[in-house]
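Visitor: There's a structure below that I have some questions on.
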Amino acid sequence: MSYHIRPARPDDVNTILALITDLAIYEKEPDAVKATPDLLRKNLFGETPYAHALLAFSSGSADAQGEGEAVGLALYFFNYSTWTGKPGLYLEDLYVKQDQRSNGVGKALFRELGQVAENKGCARMDWVVLTWNQPSIDFYEKRLGATRMSDWMGMRLDEKGIADLKNLV
């Protein structure tokens, strides 16, 4: 299988949303997607982009733009480490369509992310994985050499929790 990877463009928002929806279905949360094309356009490509995306395309069947089917997505943003004094790349989501797995697309997306991280002077790359997703855990540990962050627990405030902070005494 041949494929290519490129940064996402504003005209890719429907493709990005479709891959996000596929990911939500895979993660057993099909109703959790609240993203819209307008939100993606604003937050990925607007005046202040809050995140960035890479897309992987199969080279098998070219579409009208000369690209094949979108088969993978890596959505990431930059954070900052007080300990290293350097930025970090946080991988929010990486998704490869199920019928395209084991073809090297995930590795290629990670290679591209590594290049982005090096170009930006990042000290590290971080991401989370669902505890039940053993195929991904195996890939991260065995193929990438990633280490588990077992001493850290993810924490989150949703929109209501953020709004409630103004009443924090």
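Just remember, in the structure tokens the first chain shown is A, the second B, etc., residues are 1-based per chain, and ligands are 1-based in the order shown.
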Could I get the residues of segment 64-92 of chain A with an atom no further than 6 Å from an atom of segment 109-126 of chain A, each paired with its nearest atom pair and that distance in Å to one decimal, using only C-alpha atoms, sorted by chain and residue number, as CSV?

Guide:
residue,atom,partner,partner_atom,distance
A:Lys86,CA,A:Ala123,CA,5.8
A:Pro87,CA,A:Cys122,CA,4.8
A:Gly88,CA,A:Cys122,CA,4.6
A:Leu89,CA,A:Met125,CA,4.8
A:Tyr90,CA,A:Asp126,CA,4.9

Visitor: Which neighbours of Phe45 of chain A fall inside 10 Å, counting only C-alpha atoms, when residues of the same chain fewer than 3 positions from it are skipped, and could you give them as a short mmCIF file (atom, residue, chain, number, x, y, z; two decimals) with C-alpha atoms, in the first residue's frame?

Guide:
data_model
loop_
_atom_site.label_atom_id
_atom_site.label_comp_id
_atom_site.auth_asym_id
_atom_site.auth_seq_id
_atom_site.Cartn_x
_atom_site.Cartn_y
_atom_site.Cartn_z
CA ALA A 8 -4.35 19.47 6.56
CA ARG A 9 -5.80 22.45 4.70
CA PRO A 10 -9.03 24.39 5.25
CA ASP A 11 -10.77 22.48 2.46
CA VAL A 13 -12.47 19.98 7.29
CA LEU A 39 -15.44 24.80 14.55
CA LEU A 40 -12.66 22.87 12.83
CA ARG A 41 -12.15 25.65 10.29
CA LYS A 42 -11.96 28.27 13.06
CA THR A 48 -5.28 31.74 16.11
CA PRO A 49 -4.97 28.05 15.27
CA TYR A 50 -5.22 26.02 18.46
CA ALA A 51 -4.32 22.70 16.89
CA HIS A 52 -2.85 21.23 13.72
CA ALA A 53 -3.61 18.13 11.70
#

Visitor: Skip segment 103-107 of chain A itself and residues of its chain fewer than 3 positions away, then list as a list in words all residues within 10 Å of it, counting only C-alpha atoms.

Guide: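 Using only C-alpha atoms, the neighbours found are Met1, Ser2, Tyr3, His4, Ile5, Ala56, Phe57, Ser58, Val71, Gly72, Leu73, Ala74, Leu94, Tyr95, Val96, Lys97, Asp99, Gln100, Phe110, Arg111, Glu112, Leu113, Ser136, Phe139, Tyr140, Arg143 and Leu144 of chain A.
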
Visitor: For the atom pair atom CA of Thr36 of chain A and atom CA of Leu17 of chain A, what is the interatomic distance in Å to one decimal place?

Guide: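 Distance reported for this atom pair: 7.1 Å.
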
Visitor: Work out how far atom CA of Thr131 of chain A is from atom CA of Gln98 of chain A, in Å to one decimal.

Guide: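 Answer for the atom CA of Gln98 of chain A to atom CA of Thr131 of chain A separation: 18.6 Å.
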